[in-house]
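Asks: Mind looking over this structure? Questions follow.
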Amino acid sequence: MKHILALLGSPRRLGNSEIMAKEIGRQLTIPHELKMLRLPDFNLAPCRGCYRCLTKGRCPIDDDFAVVADAILEADALLLVAPTYFLGPNASLKAFTDRGLALYPHLESLWGKPSVAVGIAGIPGKEGYTLLGLENFLTMLFTDIRARRMVYGALPGEIFLSGHNRDIARTLAKALCEPVSESSAPCCPLCGGTTFRFIDHHRVRCMLCSNEGTLATTGEKTQIDIRKGDHDLFLTREDALAHREWLLSMKDRFKKQKDDLKRISNAYRTEGVWITSQQRADG
Ligand SMILES: Cc1cc2nc3c(=O)[nH]c(=O)nc-3n(C[C@H](O)[C@H](O)[C@H](O)COP(=O)(O)O)c2cc1C
């Protein structure tokens, strides 16, 4: 019995994200239990950037982060479905990802869990960077992203007014059970990322793995050639482990350079007038 966790990025009950996750669950051909979790329902405070989770193994913030992290750790495979809000995925995804340093102590057990992603936008083509946001979320959980799709529908339930998106659900369910070759659309040959930034007329950077290369079009075909850089974050398990070591080494580097760094920061101490949240309480 496989334990599948659906992570939903929509606050809407029985909205498109929820029914898409449940449809993918219905189409799974392996014995499974589908657990579901609505990220906007959880209290996920902003990361404080203290790095204590890396060394202590636990985030010092007392909120729901550990509940979500434990559910992810317990799952055999992940299904992420989130709506587009203002050209990107719902903010609950980023709220969780920002706390992701706390997942590095669990890198070994998280590594390579199968995952699939679905973004849902109300207007065809108006998803902005939603897919990149979903890929980023699943990559920062060290998962093996087997497939990703955008589907379109604004009203709750609208995505299944036609049968097309049920076919997509079937494809995603299949990908979760067994590795599949993704569609022939151009993607990063290193990480499978689907979003690129032009650096100049020929060179591009993959916005997921951050590596650079060239893009050439011959006839109908687009050839993307991306080369591995010096400091990769997650392409292989060894890269991810090396990055964790690099993160841990920052503490010593900070201690060594502390005086110089403080001198730089302190020179900016007195400028500007702060507006604080306390002012609202004070009326
Ligand atoms: C605050 C907000 C912002 C939205 N922004 C976009 C957008 O930028 N592009 C788009 O295509 N749809 C946008 N939508 C529409 C939703 O993506 C769409 O209704 C989707 O089906 C919602 O999924 P859900 O039913 O799972 O909540 C927005 C919806 C809301 C509530």
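Numbering starts fresh at 1 for the residues of each chain in the structure tokens, the chains themselves are lettered A, B, ... in the order given, and ligands are numbered from 1 as they appear.
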Pick out the residues no farther than 6 Å from ligand 1, counting only C-alpha atoms and all ligand atoms, and list them as a ChimeraX atom specification.
Replies: /A:10,12,15-17,83-87,120-123,126-127,153-156
Asks: Pull the helix (DSSP H, G or I) assignments for region 57-217 of chain A out of DSSP run on the backbone, and list those residues as a VMD selection string.
Replies: chain A and resid 65 to 74 92 to 97 100 to 110 130 to 140 158 to 160 164 to 177
Asks: Set the distance at 10 Å and use only C-alpha atoms: which residues neighbour region 41-55 of chain A once local chain neighbours fewer than 5 positions away are removed? I'd like the list as an MDAnalysis selection string.
Replies: chainID A and resid 8:11 60:68 92:105 244 247:248 250:251
Asks: Those same residues, written as a compact mmCIF listing (two decimals), in the first residue's frame with N, CA, C and O atoms?
Replies:
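Wrote it out as selection-v8.txt, contents follow:
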```
# COMPACT_ATOMS: atom_id res chain seq x y z
N LEU A 8 -2.26 20.73 -1.39
CA LEU A 8 -3.09 21.66 -2.15
C LEU A 8 -2.73 23.09 -1.80
O LEU A 8 -2.59 23.44 -0.62
N GLY A 9 -2.61 23.92 -2.83
CA GLY A 9 -2.27 25.33 -2.59
C GLY A 9 -3.47 26.23 -2.66
O GLY A 9 -3.31 27.45 -2.73
N SER A 10 -4.69 25.66 -2.65
CA SER A 10 -5.89 26.51 -2.75
C SER A 10 -6.67 26.49 -1.45
O SER A 10 -6.87 25.42 -0.86
N PRO A 11 -7.17 27.66 -1.03
CA PRO A 11 -8.03 27.68 0.16
C PRO A 11 -9.46 27.24 -0.17
O PRO A 11 -10.27 27.04 0.74
N PRO A 60 13.25 26.86 15.22
CA PRO A 60 12.81 27.36 16.53
C PRO A 60 11.43 28.01 16.53
O PRO A 60 10.87 28.28 17.59
N ILE A 61 10.85 28.26 15.35
CA ILE A 61 9.53 28.91 15.30
C ILE A 61 8.46 27.89 15.68
O ILE A 61 8.43 26.77 15.15
N ASP A 62 7.57 28.30 16.60
CA ASP A 62 6.52 27.40 17.07
C ASP A 62 5.26 27.60 16.23
O ASP A 62 4.42 28.44 16.55
N ASP A 63 5.15 26.87 15.13
CA ASP A 63 3.95 26.96 14.30
C ASP A 63 3.69 25.59 13.65
O ASP A 63 4.14 24.58 14.19
N ASP A 64 3.02 25.56 12.50
CA ASP A 64 2.61 24.28 11.92
C ASP A 64 3.62 23.66 10.96
O ASP A 64 3.31 22.64 10.32
N PHE A 65 4.81 24.27 10.84
CA PHE A 65 5.75 23.77 9.84
C PHE A 65 6.02 22.27 10.01
O PHE A 65 6.00 21.50 9.04
N ALA A 66 6.26 21.84 11.24
CA ALA A 66 6.63 20.43 11.48
C ALA A 66 5.50 19.47 11.10
O ALA A 66 5.76 18.35 10.65
N VAL A 67 4.24 19.93 11.24
CA VAL A 67 3.10 19.05 10.88
C VAL A 67 3.15 18.74 9.38
O VAL A 67 3.02 17.59 8.95
N VAL A 68 3.38 19.81 8.59
CA VAL A 68 3.44 19.63 7.13
C VAL A 68 4.69 18.82 6.76
O VAL A 68 4.63 17.87 5.97
N SER A 92 0.96 30.29 -0.27
CA SER A 92 1.19 29.27 0.76
C SER A 92 2.36 28.36 0.38
O SER A 92 3.06 27.84 1.25
N LEU A 93 2.58 28.19 -0.93
CA LEU A 93 3.70 27.33 -1.37
C LEU A 93 5.03 27.98 -0.99
O LEU A 93 5.94 27.34 -0.48
N LYS A 94 5.13 29.27 -1.23
CA LYS A 94 6.39 29.97 -0.94
C LYS A 94 6.62 30.06 0.57
O LYS A 94 7.76 29.96 1.03
N ALA A 95 5.51 30.24 1.31
CA ALA A 95 5.65 30.31 2.77
C ALA A 95 6.30 29.03 3.29
O ALA A 95 7.16 29.07 4.18
N PHE A 96 5.91 27.88 2.72
CA PHE A 96 6.51 26.62 3.17
C PHE A 96 7.94 26.48 2.66
O PHE A 96 8.86 26.15 3.41
N THR A 97 8.13 26.78 1.37
CA THR A 97 9.47 26.61 0.77
C THR A 97 10.50 27.47 1.49
O THR A 97 11.64 27.05 1.68
N ASP A 98 10.12 28.67 1.89
CA ASP A 98 11.07 29.57 2.58
C ASP A 98 11.60 28.96 3.87
O ASP A 98 12.65 29.35 4.35
N ARG A 99 10.89 28.01 4.43
CA ARG A 99 11.34 27.35 5.66
C ARG A 99 12.18 26.11 5.35
O ARG A 99 12.51 25.32 6.25
N GLY A 100 12.50 25.95 4.06
CA GLY A 100 13.09 24.70 3.58
C GLY A 100 14.46 24.35 4.12
O GLY A 100 14.87 23.19 4.01
N LEU A 101 15.19 25.30 4.71
CA LEU A 101 16.49 24.92 5.29
C LEU A 101 16.29 23.86 6.36
O LEU A 101 17.18 23.03 6.59
N ALA A 102 15.12 23.90 6.99
CA ALA A 102 14.84 22.92 8.05
C ALA A 102 14.67 21.51 7.50
O ALA A 102 14.58 20.54 8.26
N LEU A 103 14.59 21.39 6.16
CA LEU A 103 14.45 20.06 5.57
C LEU A 103 15.81 19.42 5.27
O LEU A 103 15.89 18.22 5.04
N TYR A 104 16.87 20.24 5.24
CA TYR A 104 18.20 19.69 4.92
C TYR A 104 18.65 18.57 5.85
O TYR A 104 19.26 17.61 5.39
N PRO A 105 18.36 18.64 7.16
CA PRO A 105 18.74 17.51 8.00
C PRO A 105 18.06 16.20 7.56
O PRO A 105 18.52 15.12 7.93
N ARG A 244 24.64 21.12 1.29
CA ARG A 244 24.37 21.15 2.75
C ARG A 244 25.66 21.42 3.53
O ARG A 244 25.66 22.22 4.46
N LEU A 247 26.48 25.03 3.23
CA LEU A 247 25.62 25.84 4.12
C LEU A 247 26.15 25.78 5.55
O LEU A 247 26.23 26.80 6.25
N LEU A 248 26.50 24.57 5.98
CA LEU A 248 26.99 24.41 7.36
C LEU A 248 28.32 25.14 7.57
O LEU A 248 28.58 25.64 8.67
N MET A 250 29.14 27.92 6.49
CA MET A 250 28.95 29.38 6.56
C MET A 250 29.14 29.90 7.98
O MET A 250 29.52 31.04 8.19
N LYS A 251 28.84 29.05 8.95
CA LYS A 251 28.95 29.48 10.34
C LYS A 251 30.41 29.87 10.66
O LYS A 251 30.67 30.94 11.23
```
Asks: Give one line per residue of region 116-138 of chain A that approaches region 75-80 of chain A to at most 10 Å, naming the two atoms of the closest pair and their distance in Å to one decimal, counting only C-alpha atoms; sort by chain then ascending residue number and deliver it as CSV.
Replies:
```
residue,atom,partner,partner_atom,distance
A:Val116,CA,A:Leu79,CA,5.2
A:Ala117,CA,A:Leu80,CA,4.8
A:Val118,CA,A:Leu80,CA,6.3
A:Gly119,CA,A:Leu80,CA,8.4
A:Leu134,CA,A:Leu80,CA,7.4
A:Glu135,CA,A:Leu80,CA,9.4
A:Phe137,CA,A:Leu80,CA,8.8
A:Leu138,CA,A:Leu80,CA,7.9
```
Asks: Write out the residues from the selection above, keeping N, CA, C and O atoms, as a tab-separated table (two decimals), in the first residue's frame.
Replies:
```
chain	number	residue	atom	x	y	z
A	116	VAL	N	4.47	14.75	-8.80
A	116	VAL	CA	3.92	15.40	-10.00
A	116	VAL	C	3.29	16.73	-9.57
A	116	VAL	O	2.92	16.90	-8.40
A	117	ALA	N	3.20	17.67	-10.53
A	117	ALA	CA	2.69	19.00	-10.21
A	117	ALA	C	1.62	19.42	-11.21
A	117	ALA	O	1.77	19.18	-12.41
A	118	VAL	N	0.58	20.06	-10.69
A	118	VAL	CA	-0.45	20.65	-11.57
A	118	VAL	C	-0.71	22.07	-11.11
A	118	VAL	O	-0.99	22.33	-9.94
A	119	GLY	N	-0.63	22.99	-12.07
A	119	GLY	CA	-1.02	24.38	-11.81
A	119	GLY	C	-2.39	24.60	-12.45
A	119	GLY	O	-2.67	24.06	-13.51
A	134	LEU	N	5.80	25.77	-8.81
A	134	LEU	CA	5.49	24.39	-8.39
A	134	LEU	C	6.74	23.52	-8.49
A	134	LEU	O	7.03	22.71	-7.59
A	135	GLU	N	7.49	23.68	-9.58
A	135	GLU	CA	8.73	22.90	-9.75
A	135	GLU	C	9.71	23.23	-8.62
A	135	GLU	O	10.38	22.34	-8.08
A	137	PHE	N	9.03	24.30	-5.59
A	137	PHE	CA	8.54	23.71	-4.35
A	137	PHE	C	8.97	22.25	-4.25
A	137	PHE	O	9.54	21.81	-3.25
A	138	LEU	N	8.72	21.49	-5.33
A	138	LEU	CA	9.02	20.05	-5.30
A	138	LEU	C	10.51	19.77	-5.35
A	138	LEU	O	10.98	18.76	-4.80
```
Asks: For Pro124 (chain A), which residue among A:Ile72, A:Leu235, A:Ile159, A:Ala6 is the nearest when counting only C-alpha atoms?
Replies: A:Ile159
Asks: What separation in Å, quoted to one decimal, exists between CA of Thr214 (chain A) and CA of Thr194 (chain A)?
Replies: 14.4 Å
Asks: Just the residues within 7 Å of Leu233 (chain A), please, counting only C-alpha atoms, with nothing from its chain fewer than 5 positions along; format it as an MDAnalysis selection string.
Replies: chainID A and resid 239:240 243
Asks: Closest to Arg237 (chain A) among A:Gly128, A:Gly219, A:Gly112, A:Pro40, using only C-alpha atoms?
Replies: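 Closest residue, counting only C-alpha atoms: A:Gly112.
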